[in-house]
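Novice: A single structure is presented below for examination.
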Amino acid sequence: MAAGLTLVDAEAGMKAAVATKPLQGCPVHELRSKLRRAGLRPTRQRVALGWLLFGRGDRHVTAEKLYEEAGKARANISLATVYNTLHQFTEAGLLREIAVDGGKARFDTNVANHHHFLIEETGVLMDIPAANVDLSQLTAAPEGLEIARVEVLVRLRRKS
């Protein structure tokens, strides 16, 4: 962890963060194990950012929002480190990156197959279970290619 955030702080923060979604055993130990299983070394920065990301259930965050949360948690982590860690977690399959209109990328802690509602006025993303979207009429991929993933984004706005 960077200066200013001790393991005790990380463990206390993780325990507070998981209050809504209890984990079995020591949350910090489980997070470290999760990182190792994904092929990532559980550095102090990754553990600190991991407890902010994964300790609160499924969520959609920007790098800037996570950086702000890290600052409030007294983790002295640079914005560049936050970006790097989010991309490392994405490459390791722990997060899913969602790009909306070429704007700020959002990172989804729910990596299961699902889709999203986007509230246009606020930019808030909400999950739609995959079973609620019928893709049975989806065209086949061109020869020599395969569909890796289908992501449906349903844009919402207030009725006039």
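In the structure tokens, chains take letters A, B, ... by order of appearance, with residues numbered from 1 within each chain and ligands from 1 in the order shown.
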Just list the residues in region 48-139 of chain A DSSP gives alpha helix (DSSP H) on the backbone, as an MDAnalysis selection string.

Specialist: chainID A and resid 48:54 63:72 79:91

Novice: Write a file of the selected residues as a CSV table (one decimal), in the first residue's frame, keeping C-alpha atoms.

Specialist:
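In the end it all went to result_37.csv:
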```
chain,number,residue,atom,x,y,z
A,48,ALA,CA,-6.4,-1.3,-1.3
A,49,LEU,CA,-8.2,-0.7,-4.6
A,50,GLY,CA,-9.7,-4.2,-4.6
A,51,TRP,CA,-11.4,-3.8,-1.3
A,52,LEU,CA,-12.9,-0.6,-2.5
A,53,LEU,CA,-14.1,-2.3,-5.8
A,54,PHE,CA,-15.2,-5.7,-4.6
A,63,ALA,CA,-11.2,5.6,-12.5
A,64,GLU,CA,-11.8,9.1,-11.2
A,65,LYS,CA,-14.5,7.9,-8.8
A,66,LEU,CA,-12.3,5.1,-7.5
A,67,TYR,CA,-9.4,7.6,-7.1
A,68,GLU,CA,-11.7,9.8,-5.0
A,69,GLU,CA,-12.8,6.8,-2.9
A,70,ALA,CA,-9.2,5.9,-2.4
A,71,GLY,CA,-8.4,9.4,-1.2
A,72,LYS,CA,-11.3,9.3,1.3
A,79,LEU,CA,-4.7,8.4,-10.5
A,80,ALA,CA,-2.2,6.7,-12.9
A,81,THR,CA,-2.0,3.8,-10.5
A,82,VAL,CA,-5.8,3.6,-10.3
A,83,TYR,CA,-6.0,3.5,-14.2
A,84,ASN,CA,-3.2,0.9,-14.4
A,85,THR,CA,-4.8,-1.3,-11.7
A,86,LEU,CA,-8.3,-1.1,-13.3
A,87,HIS,CA,-6.8,-2.2,-16.7
A,88,GLN,CA,-4.9,-5.0,-15.0
A,89,PHE,CA,-8.0,-6.2,-13.2
A,90,THR,CA,-9.9,-6.1,-16.6
A,91,GLU,CA,-7.2,-8.0,-18.4
```

Novice: DSSP says strand (DSSP E) for which residues of chain A? Put them as an MDAnalysis selection string?

Specialist: chainID A and resid 60:61 96:98 106:108 114:119 124:129 153:156

Novice: Keeping only C-alpha atoms, write the selected residues as an mmCIF file, in the first residue's frame.

Specialist:
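Result written to selection-v1.cif:
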```
data_model
loop_
_atom_site.group_PDB
_atom_site.id
_atom_site.type_symbol
_atom_site.label_atom_id
_atom_site.label_comp_id
_atom_site.auth_asym_id
_atom_site.auth_seq_id
_atom_site.Cartn_x
_atom_site.Cartn_y
_atom_site.Cartn_z
ATOM 1 C CA HIS A 60 -19.941 0.489 -12.033
ATOM 2 C CA VAL A 61 -17.102 2.929 -11.353
ATOM 3 C CA ARG A 96 -15.429 -5.597 -17.360
ATOM 4 C CA GLU A 97 -14.792 -2.280 -19.108
ATOM 5 C CA ILE A 98 -17.834 -0.474 -20.483
ATOM 6 C CA ARG A 106 -16.662 2.570 -16.571
ATOM 7 C CA PHE A 107 -15.566 -0.615 -14.903
ATOM 8 C CA ASP A 108 -18.110 -3.232 -13.889
ATOM 9 C CA HIS A 114 -25.373 -9.307 -18.665
ATOM 10 C CA HIS A 115 -26.432 -6.039 -20.280
ATOM 11 C CA HIS A 116 -27.077 -2.472 -19.144
ATOM 12 C CA PHE A 117 -29.579 0.334 -18.941
ATOM 13 C CA LEU A 118 -27.992 3.776 -19.218
ATOM 14 C CA ILE A 119 -29.896 6.725 -17.779
ATOM 15 C CA VAL A 124 -25.966 5.919 -14.277
ATOM 16 C CA LEU A 125 -25.626 2.304 -15.447
ATOM 17 C CA MET A 126 -27.952 -0.430 -14.194
ATOM 18 C CA ASP A 127 -27.588 -4.142 -14.841
ATOM 19 C CA ILE A 128 -30.024 -6.109 -16.992
ATOM 20 C CA PRO A 129 -29.780 -9.889 -16.523
ATOM 21 C CA LEU A 153 -26.921 -0.948 -23.876
ATOM 22 C CA VAL A 154 -30.475 0.340 -23.498
ATOM 23 C CA ARG A 155 -30.596 4.124 -23.169
ATOM 24 C CA LEU A 156 -33.265 5.586 -20.934
#
```

Novice: Please measure the separation of CA of Gly55 (chain A) and CA of Pro42 (chain A), giving the value in Å to one decimal.

Specialist: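 For CA of Gly55 (chain A) relative to CA of Pro42 (chain A), the distance reads 15.7 Å.
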
Novice: For Arg36 (chain A), which of A:Val133, A:Arg157, A:Leu94, A:Ala112 is the closest residue, counting only C-alpha atoms?

Specialist: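 That would be A:Leu94, the residue with the smallest distance to Arg36 (chain A).
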
Novice: Name the closest residue to Gly123 (chain A) among the candidates A:Thr62, A:Val111, A:Ala148, A:Ser136; distances are taken between atoms, counting only C-alpha atoms.

Specialist: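 Between A:Thr62, A:Val111, A:Ala148, A:Ser136, the residue approaching Gly123 (chain A) most closely is A:Thr62.
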
Novice: Excluding Leu135 (chain A) and residues on its chain fewer than 4 positions from it, collect all residues at most 10 Å away from it, counting only C-alpha atoms, and give them as a VMD selection string.

Specialist: chain A and resid 130 to 131 139 150 152

Novice: Residues near Arg41 (chain A), anyone? I mean within 12 Å using only C-alpha atoms, not counting same-chain ones fewer than 6 positions away, as a ChimeraX atom specification.

Specialist: /A:31-35,47,85,88-89,92

Novice: In Å, with one decimal, what is the gap from CA of His29 (chain A) to CA of Asp58 (chain A)?

Specialist: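 Distance between the two atoms: 19.8 Å.
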
Novice: Distance CA of Glu120 (chain A)-CA of Arg56 (chain A), one decimal place?

Specialist: 24.1 Å
